[in-house]
Every structure is written in C-alpha cells, then in structure tokens.
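Next comes structure.cif, with mmCIF, C-alpha atoms.
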```cif
data_upload
loop_
_atom_site.label_atom_id
_atom_site.label_comp_id
_atom_site.auth_asym_id
_atom_site.auth_seq_id
_atom_site.Cartn_x
_atom_site.Cartn_y
_atom_site.Cartn_z
CA MET A 78 105.68 79.25 101.35
CA LYS A 79 105.33 81.16 98.12
CA ILE A 80 105.91 84.63 96.74
CA SER A 81 102.43 85.92 95.94
CA GLY A 82 103.38 88.80 93.66
CA VAL A 83 105.52 91.87 93.19
CA LEU A 84 105.01 94.49 95.90
CA GLU A 85 107.46 97.14 94.64
CA THR A 86 108.35 97.81 91.02
CA CYS A 87 111.05 100.45 90.59
CA LEU A 88 112.62 102.66 87.98
CA CYS A 89 115.35 105.26 88.26
CA ALA A 90 115.27 108.91 87.23
CA ALA A 91 117.63 111.73 88.16
CA ASP A 92 114.95 114.38 87.51
CA LEU A 93 112.29 113.43 90.02
CA ASP A 94 110.16 116.52 89.40
CA ALA A 95 109.81 115.63 85.73
CA ALA A 96 109.04 112.03 86.68
CA GLU A 97 106.40 113.11 89.19
CA VAL A 98 104.56 115.26 86.65
CA PHE A 99 104.75 112.58 83.99
CA TYR A 100 103.50 109.65 86.06
CA ARG A 101 100.89 111.66 87.94
CA GLU A 102 99.46 113.83 85.22
CA ILE A 103 99.92 111.80 82.05
CA LEU A 104 99.71 108.23 83.35
CA GLY A 105 97.32 109.14 86.17
CA LEU A 106 99.09 107.32 88.99
CA GLU A 107 98.40 108.37 92.57
CA MET A 108 101.51 109.80 94.22
CA PHE A 109 101.54 109.04 97.94
CA ALA A 110 105.02 109.96 99.13
CA LYS A 111 108.13 111.79 98.10
CA GLN A 112 111.48 112.88 99.46
CA PRO A 113 112.78 115.69 97.26
CA GLY A 114 115.95 114.67 95.48
CA ARG A 115 115.72 111.02 96.59
CA HIS A 116 112.44 109.40 95.53
CA VAL A 117 108.81 109.72 94.51
CA PHE A 118 106.36 106.90 95.23
CA PHE A 119 103.05 105.97 93.57
CA ARG A 120 100.22 103.55 94.31
CA CYS A 121 99.61 101.16 91.43
CA GLY A 122 96.86 98.56 91.78
CA ASN A 123 97.54 96.38 94.80
CA ALA A 124 101.21 97.37 94.88
CA VAL A 125 103.52 100.36 94.61
CA PHE A 126 105.62 101.85 91.83
CA LEU A 127 108.73 103.64 93.03
CA ILE A 128 111.05 106.09 91.29
CA PHE A 129 114.48 106.56 92.81
CA ASN A 130 117.23 109.03 92.02
CA PRO A 131 120.16 106.64 91.64
CA GLU A 132 122.66 109.41 92.30
CA ILE A 133 121.43 109.28 95.89
CA THR A 134 120.13 105.76 96.50
CA ALA A 135 123.25 104.06 95.09
CA SER A 136 125.62 105.94 97.36
CA GLU A 137 123.94 107.50 100.42
CA VAL A 138 123.12 105.13 103.25
CA THR A 139 119.64 105.46 104.76
CA THR A 140 118.53 103.93 108.02
CA ILE A 141 115.07 103.32 109.47
CA ASN A 142 115.19 103.14 113.27
CA GLY A 143 118.83 102.12 112.94
CA ASP A 144 118.18 99.43 110.30
CA LEU A 145 120.14 99.80 107.06
CA VAL A 146 118.22 100.26 103.79
CA PRO A 147 120.53 98.69 101.20
CA LEU A 148 122.00 100.73 98.35
CA HIS A 149 120.67 100.33 94.83
CA GLY A 150 120.43 102.37 91.66
CA THR A 151 120.66 101.83 87.91
CA THR A 152 121.66 103.76 84.84
CA GLY A 153 120.28 103.14 81.36
CA ALA A 154 116.71 102.52 80.31
CA GLY A 155 114.66 100.36 82.64
CA HIS A 156 111.42 98.75 81.53
CA VAL A 157 107.98 98.53 83.11
CA CYS A 158 104.71 97.44 81.54
CA PHE A 159 101.52 98.80 83.09
CA ARG A 160 98.31 96.85 82.81
CA VAL A 161 95.39 98.55 81.08
CA GLY A 162 92.08 97.35 79.70
CA GLU A 163 92.27 96.16 76.12
CA GLU A 164 89.39 98.43 75.13
CA GLU A 165 91.25 101.44 76.53
CA ILE A 166 94.30 101.18 74.28
CA PRO A 167 92.91 103.59 71.64
CA ARG A 168 92.17 106.21 74.31
CA TRP A 169 95.65 105.81 75.81
CA ARG A 170 97.11 106.31 72.34
CA GLU A 171 95.19 109.56 72.11
CA ARG A 172 96.08 110.75 75.59
CA LEU A 173 99.77 110.18 74.99
CA LYS A 174 99.67 111.98 71.65
CA LYS A 175 97.82 114.93 73.18
CA ALA A 176 100.43 115.12 75.95
CA GLY A 177 103.19 115.21 73.34
CA VAL A 178 104.53 111.78 74.29
CA GLU A 179 105.88 110.02 71.23
CA ILE A 180 104.67 106.47 70.75
CA GLU A 181 107.88 104.67 69.89
CA SER A 182 106.27 101.45 68.76
CA GLU A 183 103.18 99.29 68.92
CA VAL A 184 103.42 95.53 68.99
CA ASN A 185 100.64 93.11 68.09
CA TRP A 186 101.48 89.97 70.02
CA PRO A 187 101.10 86.50 68.50
CA ASN A 188 98.74 85.39 71.30
CA GLY A 189 96.59 88.51 70.94
CA GLY A 190 96.68 91.94 72.52
CA THR A 191 98.51 95.10 71.54
CA SER A 192 101.25 96.94 73.45
CA ILE A 193 102.01 100.63 73.18
CA TYR A 194 105.62 101.62 73.90
CA PHE A 195 106.88 105.06 74.84
CA ARG A 196 109.50 106.71 77.10
CA ASP A 197 109.30 108.52 80.40
CA PRO A 198 111.30 111.79 80.72
CA ALA A 199 114.32 109.82 82.01
CA GLY A 200 114.31 107.58 78.94
CA ASN A 201 112.87 104.51 80.65
CA CYS A 202 110.98 102.21 78.28
CA LEU A 203 107.30 102.05 79.24
CA GLU A 204 104.58 99.84 77.90
CA LEU A 205 100.81 99.79 78.27
CA ALA A 206 99.22 96.42 77.61
CA PRO A 207 96.33 94.18 78.61
CA GLY A 208 96.98 91.05 80.72
CA ARG A 209 96.07 89.01 77.67
CA ILE A 210 99.54 89.39 76.13
CA TRP A 211 100.73 87.03 78.89
CA GLY A 212 97.62 84.88 79.00
CA LEU A 213 96.45 86.69 82.15
CA PRO A 214 92.87 87.76 82.84
CA MET B 1013 90.69 105.08 81.97
CA LYS B 1014 93.10 103.93 84.62
CA ILE B 1015 96.22 101.85 84.94
CA SER B 1016 95.13 98.86 87.03
CA GLY B 1017 98.55 97.59 88.06
CA VAL B 1018 102.01 96.60 86.95
CA LEU B 1019 102.01 93.80 84.41
CA GLU B 1020 105.77 93.43 83.89
CA THR B 1021 108.45 94.07 86.50
CA CYS B 1022 111.98 93.74 85.15
CA LEU B 1023 115.55 93.41 86.33
CA CYS B 1024 118.75 93.00 84.35
CA ALA B 1025 121.39 90.30 84.64
CA ALA B 1026 124.18 89.38 82.26
CA ASP B 1027 124.39 85.80 83.60
CA LEU B 1028 120.92 84.49 82.84
CA ASP B 1029 121.71 80.91 83.84
CA ALA B 1030 122.65 82.02 87.35
CA ALA B 1031 119.53 84.20 87.51
CA GLU B 1032 117.33 81.32 86.37
CA VAL B 1033 118.61 78.96 89.06
CA PHE B 1034 118.35 81.63 91.74
CA TYR B 1035 114.80 82.79 91.03
CA ARG B 1036 113.47 79.31 90.27
CA GLU B 1037 115.13 77.22 92.93
CA ILE B 1038 115.67 79.62 95.80
CA LEU B 1039 112.77 82.05 95.40
CA GLY B 1040 110.47 79.41 93.90
CA LEU B 1041 109.19 81.43 90.94
CA GLU B 1042 107.71 79.58 87.98
CA MET B 1043 109.81 80.07 84.84
CA PHE B 1044 107.64 80.02 81.75
CA ALA B 1045 109.88 81.23 78.92
CA LYS B 1046 113.48 81.86 78.06
CA GLN B 1047 115.65 82.81 75.14
CA PRO B 1048 119.22 81.78 75.96
CA GLY B 1049 121.48 84.81 76.20
CA ARG B 1050 118.61 87.31 75.96
CA HIS B 1051 116.02 86.75 78.69
CA VAL B 1052 114.34 84.49 81.22
CA PHE B 1053 110.70 85.09 82.21
CA PHE B 1054 108.79 84.09 85.36
CA ARG B 1055 105.17 84.12 86.47
CA CYS B 1056 104.64 86.10 89.65
CA GLY B 1057 101.14 86.39 91.07
CA ASN B 1058 98.85 87.97 88.51
CA ALA B 1059 101.77 89.44 86.55
CA VAL B 1060 105.20 88.55 85.20
CA PHE B 1061 108.75 89.14 86.38
CA LEU B 1062 111.29 89.41 83.57
CA ILE B 1063 115.08 89.23 83.59
CA PHE B 1064 116.87 90.67 80.58
CA ASN B 1065 120.49 90.55 79.56
CA PRO B 1066 121.12 94.26 78.94
CA GLU B 1067 124.10 93.52 76.72
CA ILE B 1068 121.56 92.24 74.19
CA THR B 1069 118.30 94.09 74.88
CA ALA B 1070 119.94 97.53 74.93
CA SER B 1071 121.52 97.11 71.52
CA GLU B 1072 119.97 94.36 69.39
CA VAL B 1073 116.69 95.22 67.74
CA THR B 1074 113.94 92.60 68.00
CA THR B 1075 110.77 92.55 65.94
CA ILE B 1076 107.49 90.68 66.41
CA ASN B 1077 105.71 90.23 63.10
CA GLY B 1078 107.57 93.29 61.85
CA ASP B 1079 106.76 95.43 64.91
CA LEU B 1080 109.76 96.89 66.74
CA VAL B 1081 110.32 95.94 70.39
CA PRO B 1082 112.08 99.02 71.84
CA LEU B 1083 115.59 98.81 73.26
CA HIS B 1084 116.13 98.92 77.02
CA GLY B 1085 118.69 97.73 79.54
CA THR B 1086 120.27 98.93 82.77
CA THR B 1087 123.52 98.57 84.64
CA GLY B 1088 123.87 98.83 88.39
CA ALA B 1089 121.69 97.32 91.08
CA GLY B 1090 117.97 97.36 90.39
CA HIS B 1091 115.42 96.83 93.14
CA VAL B 1092 112.33 94.66 93.41
CA CYS B 1093 110.30 93.78 96.49
CA PHE B 1094 108.34 90.53 96.40
CA ARG B 1095 105.23 90.13 98.48
CA VAL B 1096 105.18 87.35 101.05
CA GLY B 1097 102.96 86.50 104.00
CA GLU B 1098 104.06 88.14 107.22
CA GLU B 1099 104.03 84.81 109.04
CA GLU B 1100 106.38 83.36 106.44
CA ILE B 1101 109.25 85.80 107.00
CA PRO B 1102 111.06 83.53 109.53
CA ARG B 1103 110.92 80.60 107.11
CA TRP B 1104 112.22 82.76 104.25
CA ARG B 1105 115.09 83.85 106.50
CA GLU B 1106 115.93 80.19 107.04
CA ARG B 1107 115.57 79.23 103.40
CA LEU B 1108 117.91 82.01 102.28
CA LYS B 1109 120.48 81.11 104.91
CA LYS B 1110 120.36 77.42 103.94
CA ALA B 1111 120.87 78.41 100.29
CA GLY B 1112 123.93 80.46 101.24
CA VAL B 1113 122.26 83.78 100.38
CA GLU B 1114 123.50 86.48 102.73
CA ILE B 1115 120.79 88.59 104.32
CA GLU B 1116 122.16 92.09 103.87
CA SER B 1117 119.70 93.81 106.14
CA GLU B 1118 116.33 93.59 107.84
CA VAL B 1119 114.18 96.64 108.30
CA ASN B 1120 111.34 96.97 110.80
CA TRP B 1121 109.07 99.60 109.29
CA PRO B 1122 107.43 102.32 111.38
CA ASN B 1123 103.95 101.25 110.25
CA GLY B 1124 104.61 97.60 111.01
CA GLY B 1125 106.01 94.73 109.01
CA THR B 1126 109.57 93.54 108.46
CA SER B 1127 111.55 93.46 105.21
CA ILE B 1128 114.41 91.08 104.46
CA TYR B 1129 116.99 92.39 101.98
CA PHE B 1130 119.45 90.31 99.98
CA ARG B 1131 121.08 90.25 96.51
CA ASP B 1132 120.50 88.16 93.43
CA PRO B 1133 123.61 86.76 91.67
CA ALA B 1134 123.77 89.90 89.47
CA GLY B 1135 123.84 92.18 92.52
CA ASN B 1136 120.25 93.39 92.24
CA CYS B 1137 118.76 94.44 95.57
CA LEU B 1138 115.84 92.16 96.48
CA GLU B 1139 113.37 92.47 99.31
CA LEU B 1140 110.75 90.14 100.76
CA ALA B 1141 107.99 91.93 102.64
CA PRO B 1142 104.30 91.74 103.52
CA GLY B 1143 101.85 94.20 101.92
CA ARG B 1144 101.44 95.75 105.34
CA ILE B 1145 104.62 97.82 104.99
CA TRP B 1146 102.67 99.90 102.44
CA GLY B 1147 99.30 99.66 104.19
CA LEU B 1148 98.18 97.02 101.67
CA PRO B 1149 96.23 93.87 102.57
#
```
In structure tokens, what does this structure look like?
Amino acid sequence: MKISGVLETCLCAADLDAAEVFYREILGLEMFAKQPGRHVFFRCGNAVFLIFNPEITASEVTTINGDLVPLHGTTGAGHVCFRVGEEEIPRWRERLKKAGVEIESEVNWPNGGTSIYFRDPAGNCLELAPGRIWGLP
Amino acid sequence: MKISGVLETCLCAADLDAAEVFYREILGLEMFAKQPGRHVFFRCGNAVFLIFNPEITASEVTTINGDLVPLHGTTGAGHVCFRVGEEEIPRWRERLKKAGVEIESEVNWPNGGTSIYFRDPAGNCLELAPGRIWGLP
C-alpha cells in the first residue's frame, strides 16, 4: 500500500481569467474544466494542475451528490515546479521574455540542471526545470 | 516544447517536525532531505513533494552558488491529492483511523472513484484518490 504520485497539484489565484490565459497561452497547459469565479483546471502530464479562487473555496461549501468537498485556500505565493526537457530551457527563456514575463532568477544546481524562476499573474512562484535537478530521469 | 508534468508539488507548514512524522510514518512517503526550520522534502512517484516553513521561505533569501532562490510561502490550507490504487482505499481508510487521523469527508465522484479527505497537522487539505476520478489510468 503506497502512494504512487501526486494526482492534483494546486495553486490559488483570485483572478482566474488572468490565470487561465497565463497557464494556457504562455505555459501551454491544456485547460479541461472551469467554474467561473471558483476554479480553472488543467491537464499536466499524468496528473492535473488546479487553480482555485481561495475567496470561494476557503469559505463556500460545495457538495457532490451530497458529499462534502472540504474547504481549502491559501494566501501568499505558492510554489510549483514544472518539468521540462533540459534542452528546452533556452527556448522557454525566450518564450517567457517574448510574453513579457520577467525571469526573476535562474539557479544552476550543484547536481546539474538549471531552473528558471518567474511569477504567475497572482504572484505565485513558478519554476521550470528538468528532472535531473532531483536526480530524476 | 511542452511541460511534461509537475516536478515539485509544495505545501507549507510551520511545524516541520510534525509534518515530517505525518508524511513519513502515516502516509509512507520517503523523506530524502531536510533543513531544520526551513523545509522537509519527500520523494513521491517520479517527482518530489516539498514542505516549506513559510515563516522562513517567504522572507529569508537563499542563494545557491550565488544564484537567488525566489521567496515564496503561503498561509491557509493548501490542497494536494495523492494518487493511490482504487482497491487500496479501504486499507487507507483503516490506516488513517488507526493513526487517529480524522477522515473529514469522502466523495464519490460522478465519473467513478472515491476520494478520502483529511488534514495534515498544519491543517492542509489532503486527498487520496485513484487516477480514475480525472479519467487517468
């Protein structure tokens, strides 16, 4: 009996329209569901990446066929790192610059691999990196 | 040029010792790094699951070989869903109960599959679910 991975990775953003445009058009994620004002959901590899508006999800109870979906919601900058191919880092750097997204930092990790850091419109701290920074294939 | 998945999923917790015990001993994740007071890191499938103390990571600048690691940190309840086998849900229910972890809710999703919801010691909203709830294998 073992957890086999993360199925849902989440961030919070009050402006879901801005988040939708950013993640879909700049990062190229496939949006597959949204509930205006509450959430916008994306496919990401073999899992999903979910953006919630914490003003709603932390206070308004939702039920599915009578079952309670628990409340949650954060403020402040969350962090997610998305996995990209090592050889694609230079092209990501370019795409972000062209889209007017400021690269806040780049880190060359001791074990190899480079991370690019930037912010989403809500101020969440995003990173693009190859699996190698964690010794992953 | 495509994001191939999430490499780092993060939650915040001020009490890292409590988080470490919870995720290692109750959820069975493999801890592979920690910096007392700042973070505790776990392997999770083909990616990593990171817990940060936002009191530190939102305010204290860290550098790696002179490169800046950007500030981030949240307050409030974050949310992560971990992937488990559908047939293992009853045993997870038992394990959580034995460990004194209250199951806050269970949701039977319209497309099939059941989620178990509970909290980590920091109040983050956790979920165990099979990929099926998102149409994933």
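Proximity ranking of A:Pro187, A:Gly155, A:Ala124, A:Arg115 relative to A:Val138 places A:Arg115 first, based on only C-alpha atoms.
Between chain B and the residues A:Ile166, A:Ala91, A:Ala96, A:Val117, the shortest atom-to-atom distance, using only C-alpha atoms, involves A:Ile166.
Once the PyMOL selection byres ((chain B) within 6 of (chain A)) is applied to the depicted file, the selected set reads Ile1015, Ser1016, Gly1017, Val1018, Leu1019, Glu1020, Thr1021, Cys1056, Gly1057, Asp1079, His1084, Gly1085, Thr1086, Thr1087, Gly1088, Ala1089, Gly1090, Val1092, Cys1093, Phe1094, Arg1095, Val1096 and Val1119 of chain B.
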Mobile chain A fitted to chain B over all in-order Cα pairs, reported as a PDB file with C-alpha atoms, in the coordinates of the input:
```pdb
ATOM      1  CA  MET A  78      90.659 105.085  81.986  1.00  0.00           C
ATOM      2  CA  LYS A  79      93.098 103.944  84.622  1.00  0.00           C
ATOM      3  CA  ILE A  80      96.219 101.838  84.951  1.00  0.00           C
ATOM      4  CA  SER A  81      95.132  98.864  87.047  1.00  0.00           C
ATOM      5  CA  GLY A  82      98.554  97.595  88.085  1.00  0.00           C
ATOM      6  CA  VAL A  83     102.012  96.589  86.966  1.00  0.00           C
ATOM      7  CA  LEU A  84     102.006  93.779  84.402  1.00  0.00           C
ATOM      8  CA  GLU A  85     105.778  93.422  83.895  1.00  0.00           C
ATOM      9  CA  THR A  86     108.447  94.064  86.504  1.00  0.00           C
ATOM     10  CA  CYS A  87     111.987  93.723  85.163  1.00  0.00           C
ATOM     11  CA  LEU A  88     115.556  93.407  86.314  1.00  0.00           C
ATOM     12  CA  CYS A  89     118.759  92.994  84.349  1.00  0.00           C
ATOM     13  CA  ALA A  90     121.400  90.288  84.651  1.00  0.00           C
ATOM     14  CA  ALA A  91     124.194  89.368  82.257  1.00  0.00           C
ATOM     15  CA  ASP A  92     124.377  85.798  83.615  1.00  0.00           C
ATOM     16  CA  LEU A  93     120.917  84.492  82.843  1.00  0.00           C
ATOM     17  CA  ASP A  94     121.706  80.908  83.842  1.00  0.00           C
ATOM     18  CA  ALA A  95     122.655  82.018  87.343  1.00  0.00           C
ATOM     19  CA  ALA A  96     119.534  84.184  87.498  1.00  0.00           C
ATOM     20  CA  GLU A  97     117.316  81.314  86.367  1.00  0.00           C
ATOM     21  CA  VAL A  98     118.620  78.965  89.059  1.00  0.00           C
ATOM     22  CA  PHE A  99     118.360  81.619  91.739  1.00  0.00           C
ATOM     23  CA  TYR A 100     114.813  82.781  91.031  1.00  0.00           C
ATOM     24  CA  ARG A 101     113.472  79.315  90.272  1.00  0.00           C
ATOM     25  CA  GLU A 102     115.136  77.231  92.925  1.00  0.00           C
ATOM     26  CA  ILE A 103     115.682  79.631  95.810  1.00  0.00           C
ATOM     27  CA  LEU A 104     112.776  82.053  95.395  1.00  0.00           C
ATOM     28  CA  GLY A 105     110.472  79.413  93.908  1.00  0.00           C
ATOM     29  CA  LEU A 106     109.193  81.414  90.949  1.00  0.00           C
ATOM     30  CA  GLU A 107     107.713  79.566  87.984  1.00  0.00           C
ATOM     31  CA  MET A 108     109.813  80.056  84.855  1.00  0.00           C
ATOM     32  CA  PHE A 109     107.635  80.026  81.745  1.00  0.00           C
ATOM     33  CA  ALA A 110     109.878  81.216  78.930  1.00  0.00           C
ATOM     34  CA  LYS A 111     113.471  81.856  78.057  1.00  0.00           C
ATOM     35  CA  GLN A 112     115.655  82.806  75.126  1.00  0.00           C
ATOM     36  CA  PRO A 113     119.222  81.790  75.944  1.00  0.00           C
ATOM     37  CA  GLY A 114     121.477  84.809  76.185  1.00  0.00           C
ATOM     38  CA  ARG A 115     118.599  87.314  75.958  1.00  0.00           C
ATOM     39  CA  HIS A 116     115.999  86.766  78.687  1.00  0.00           C
ATOM     40  CA  VAL A 117     114.331  84.493  81.211  1.00  0.00           C
ATOM     41  CA  PHE A 118     110.708  85.074  82.215  1.00  0.00           C
ATOM     42  CA  PHE A 119     108.787  84.076  85.360  1.00  0.00           C
ATOM     43  CA  ARG A 120     105.153  84.113  86.456  1.00  0.00           C
ATOM     44  CA  CYS A 121     104.656  86.094  89.651  1.00  0.00           C
ATOM     45  CA  GLY A 122     101.146  86.387  91.078  1.00  0.00           C
ATOM     46  CA  ASN A 123      98.853  87.973  88.516  1.00  0.00           C
ATOM     47  CA  ALA A 124     101.779  89.415  86.564  1.00  0.00           C
ATOM     48  CA  VAL A 125     105.205  88.539  85.205  1.00  0.00           C
ATOM     49  CA  PHE A 126     108.759  89.132  86.380  1.00  0.00           C
ATOM     50  CA  LEU A 127     111.286  89.421  83.579  1.00  0.00           C
ATOM     51  CA  ILE A 128     115.077  89.223  83.584  1.00  0.00           C
ATOM     52  CA  PHE A 129     116.862  90.675  80.584  1.00  0.00           C
ATOM     53  CA  ASN A 130     120.499  90.560  79.560  1.00  0.00           C
ATOM     54  CA  PRO A 131     121.115  94.257  78.934  1.00  0.00           C
ATOM     55  CA  GLU A 132     124.096  93.507  76.718  1.00  0.00           C
ATOM     56  CA  ILE A 133     121.549  92.246  74.200  1.00  0.00           C
ATOM     57  CA  THR A 134     118.294  94.087  74.884  1.00  0.00           C
ATOM     58  CA  ALA A 135     119.932  97.540  74.944  1.00  0.00           C
ATOM     59  CA  SER A 136     121.538  97.127  71.545  1.00  0.00           C
ATOM     60  CA  GLU A 137     119.973  94.371  69.405  1.00  0.00           C
ATOM     61  CA  VAL A 138     116.687  95.228  67.741  1.00  0.00           C
ATOM     62  CA  THR A 139     113.941  92.604  67.999  1.00  0.00           C
ATOM     63  CA  THR A 140     110.777  92.559  65.952  1.00  0.00           C
ATOM     64  CA  ILE A 141     107.501  90.687  66.414  1.00  0.00           C
ATOM     65  CA  ASN A 142     105.696  90.246  63.093  1.00  0.00           C
ATOM     66  CA  GLY A 143     107.576  93.301  61.856  1.00  0.00           C
ATOM     67  CA  ASP A 144     106.760  95.450  64.913  1.00  0.00           C
ATOM     68  CA  LEU A 145     109.759  96.907  66.745  1.00  0.00           C
ATOM     69  CA  VAL A 146     110.328  95.948  70.398  1.00  0.00           C
ATOM     70  CA  PRO A 147     112.074  99.013  71.838  1.00  0.00           C
ATOM     71  CA  LEU A 148     115.587  98.809  73.273  1.00  0.00           C
ATOM     72  CA  HIS A 149     116.131  98.918  77.016  1.00  0.00           C
ATOM     73  CA  GLY A 150     118.693  97.733  79.526  1.00  0.00           C
ATOM     74  CA  THR A 151     120.264  98.936  82.765  1.00  0.00           C
ATOM     75  CA  THR A 152     123.511  98.571  84.629  1.00  0.00           C
ATOM     76  CA  GLY A 153     123.871  98.814  88.399  1.00  0.00           C
ATOM     77  CA  ALA A 154     121.686  97.313  91.083  1.00  0.00           C
ATOM     78  CA  GLY A 155     117.969  97.347  90.390  1.00  0.00           C
ATOM     79  CA  HIS A 156     115.424  96.825  93.142  1.00  0.00           C
ATOM     80  CA  VAL A 157     112.338  94.639  93.415  1.00  0.00           C
ATOM     81  CA  CYS A 158     110.304  93.774  96.491  1.00  0.00           C
ATOM     82  CA  PHE A 159     108.350  90.518  96.401  1.00  0.00           C
ATOM     83  CA  ARG A 160     105.231  90.135  98.477  1.00  0.00           C
ATOM     84  CA  VAL A 161     105.188  87.342 101.048  1.00  0.00           C
ATOM     85  CA  GLY A 162     102.973  86.505 103.997  1.00  0.00           C
ATOM     86  CA  GLU A 163     104.045  88.160 107.218  1.00  0.00           C
ATOM     87  CA  GLU A 164     104.028  84.822 109.030  1.00  0.00           C
ATOM     88  CA  GLU A 165     106.396  83.371 106.429  1.00  0.00           C
ATOM     89  CA  ILE A 166     109.254  85.808 107.003  1.00  0.00           C
ATOM     90  CA  PRO A 167     111.051  83.547 109.526  1.00  0.00           C
ATOM     91  CA  ARG A 168     110.916  80.605 107.104  1.00  0.00           C
ATOM     92  CA  TRP A 169     112.215  82.767 104.248  1.00  0.00           C
ATOM     93  CA  ARG A 170     115.078  83.860 106.491  1.00  0.00           C
ATOM     94  CA  GLU A 171     115.918  80.212 107.026  1.00  0.00           C
ATOM     95  CA  ARG A 172     115.588  79.229 103.387  1.00  0.00           C
ATOM     96  CA  LEU A 173     117.899  82.011 102.284  1.00  0.00           C
ATOM     97  CA  LYS A 174     120.485  81.127 104.918  1.00  0.00           C
ATOM     98  CA  LYS A 175     120.366  77.451 103.946  1.00  0.00           C
ATOM     99  CA  ALA A 176     120.870  78.410 100.292  1.00  0.00           C
ATOM    100  CA  GLY A 177     123.920  80.461 101.253  1.00  0.00           C
ATOM    101  CA  VAL A 178     122.262  83.774 100.394  1.00  0.00           C
ATOM    102  CA  GLU A 179     123.493  86.484 102.722  1.00  0.00           C
ATOM    103  CA  ILE A 180     120.787  88.591 104.314  1.00  0.00           C
ATOM    104  CA  GLU A 181     122.165  92.082 103.872  1.00  0.00           C
ATOM    105  CA  SER A 182     119.705  93.801 106.159  1.00  0.00           C
ATOM    106  CA  GLU A 183     116.331  93.578 107.834  1.00  0.00           C
ATOM    107  CA  VAL A 184     114.174  96.632 108.309  1.00  0.00           C
ATOM    108  CA  ASN A 185     111.337  96.981 110.804  1.00  0.00           C
ATOM    109  CA  TRP A 186     109.075  99.597 109.278  1.00  0.00           C
ATOM    110  CA  PRO A 187     107.437 102.323 111.372  1.00  0.00           C
ATOM    111  CA  ASN A 188     103.937 101.274 110.235  1.00  0.00           C
ATOM    112  CA  GLY A 189     104.611  97.610 111.014  1.00  0.00           C
ATOM    113  CA  GLY A 190     106.010  94.729 109.010  1.00  0.00           C
ATOM    114  CA  THR A 191     109.561  93.552 108.462  1.00  0.00           C
ATOM    115  CA  SER A 192     111.549  93.455 105.210  1.00  0.00           C
ATOM    116  CA  ILE A 193     114.400  91.097 104.454  1.00  0.00           C
ATOM    117  CA  TYR A 194     116.989  92.392 101.974  1.00  0.00           C
ATOM    118  CA  PHE A 195     119.447  90.322  99.978  1.00  0.00           C
ATOM    119  CA  ARG A 196     121.079  90.240  96.510  1.00  0.00           C
ATOM    120  CA  ASP A 197     120.506  88.146  93.429  1.00  0.00           C
ATOM    121  CA  PRO A 198     123.627  86.764  91.655  1.00  0.00           C
ATOM    122  CA  ALA A 199     123.776  89.903  89.466  1.00  0.00           C
ATOM    123  CA  GLY A 200     123.845  92.164  92.520  1.00  0.00           C
ATOM    124  CA  ASN A 201     120.259  93.381  92.237  1.00  0.00           C
ATOM    125  CA  CYS A 202     118.755  94.429  95.571  1.00  0.00           C
ATOM    126  CA  LEU A 203     115.839  92.158  96.483  1.00  0.00           C
ATOM    127  CA  GLU A 204     113.374  92.457  99.296  1.00  0.00           C
ATOM    128  CA  LEU A 205     110.742  90.147 100.743  1.00  0.00           C
ATOM    129  CA  ALA A 206     107.984  91.914 102.638  1.00  0.00           C
ATOM    130  CA  PRO A 207     104.298  91.730 103.505  1.00  0.00           C
ATOM    131  CA  GLY A 208     101.835  94.193 101.910  1.00  0.00           C
ATOM    132  CA  ARG A 209     101.437  95.750 105.332  1.00  0.00           C
ATOM    133  CA  ILE A 210     104.621  97.822 104.983  1.00  0.00           C
ATOM    134  CA  TRP A 211     102.669  99.902 102.440  1.00  0.00           C
ATOM    135  CA  GLY A 212      99.312  99.668 104.166  1.00  0.00           C
ATOM    136  CA  LEU A 213      98.185  97.012 101.668  1.00  0.00           C
ATOM    137  CA  PRO A 214      96.205  93.893 102.556  1.00  0.00           C
TER     138      PRO A 214
END
```
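Across A:Phe119, A:Ile128, A:Glu137, A:Ile103, the tightest approach to A:Gly177 is made by A:Ile103 when counting all atoms listed in the file.
Going from atom CA of A:Ala95 over to atom CA of A:Ala176, you cover 13.6 Å.
In this model, the gap between atom CA of A:Arg172 and atom CA of A:Ala110 comes to 25.2 Å.
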- Task: Would you work out the distance separating atom CA of B:Arg1105 from atom CA of B:Glu1037, expressed in Å to one decimal?
- Result: 15.1 Å
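Proximity ranking of B:Lys1046, B:Arg1036, B:Arg1144, B:His1051 relative to B:Gly1124 places B:Arg1144 first, based on all atoms listed in the file.
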How about completing stretch 186-194 of chain A with N, CA, C and O atoms and giving it to me as a tab-separated table (two decimals), in the frame of the given file?
```tsv
chain	number	residue	atom	x	y	z
A	186	TRP	N	100.87	91.22	69.56
A	186	TRP	CA	101.48	89.97	70.02
A	186	TRP	C	100.82	88.75	69.38
A	186	TRP	O	99.61	88.76	69.11
A	187	PRO	N	101.62	87.71	69.15
A	187	PRO	CA	101.10	86.50	68.50
A	187	PRO	C	99.88	85.91	69.21
A	187	PRO	O	98.96	85.42	68.57
A	188	ASN	N	99.86	85.97	70.55
A	188	ASN	CA	98.74	85.39	71.30
A	188	ASN	C	97.58	86.36	71.47
A	188	ASN	O	96.63	86.08	72.21
A	189	GLY	N	97.65	87.52	70.81
A	189	GLY	CA	96.59	88.51	70.94
A	189	GLY	C	96.98	89.62	71.88
A	189	GLY	O	97.82	89.44	72.77
A	190	GLY	N	96.37	90.79	71.68
A	190	GLY	CA	96.68	91.94	72.52
A	190	GLY	C	97.72	92.82	71.86
A	190	GLY	O	98.59	92.33	71.12
A	191	THR	N	97.59	94.11	72.11
A	191	THR	CA	98.51	95.10	71.54
A	191	THR	C	99.19	95.86	72.67
A	191	THR	O	98.56	96.21	73.67
A	192	SER	N	100.49	96.11	72.51
A	192	SER	CA	101.25	96.94	73.45
A	192	SER	C	101.59	98.26	72.80
A	192	SER	O	101.93	98.32	71.62
A	193	ILE	N	101.51	99.33	73.59
A	193	ILE	CA	102.01	100.63	73.18
A	193	ILE	C	103.29	100.92	73.96
A	193	ILE	O	103.30	100.78	75.18
A	194	TYR	N	104.33	101.31	73.26
A	194	TYR	CA	105.62	101.62	73.90
A	194	TYR	C	105.94	103.10	73.77
A	194	TYR	O	105.76	103.69	72.69
```
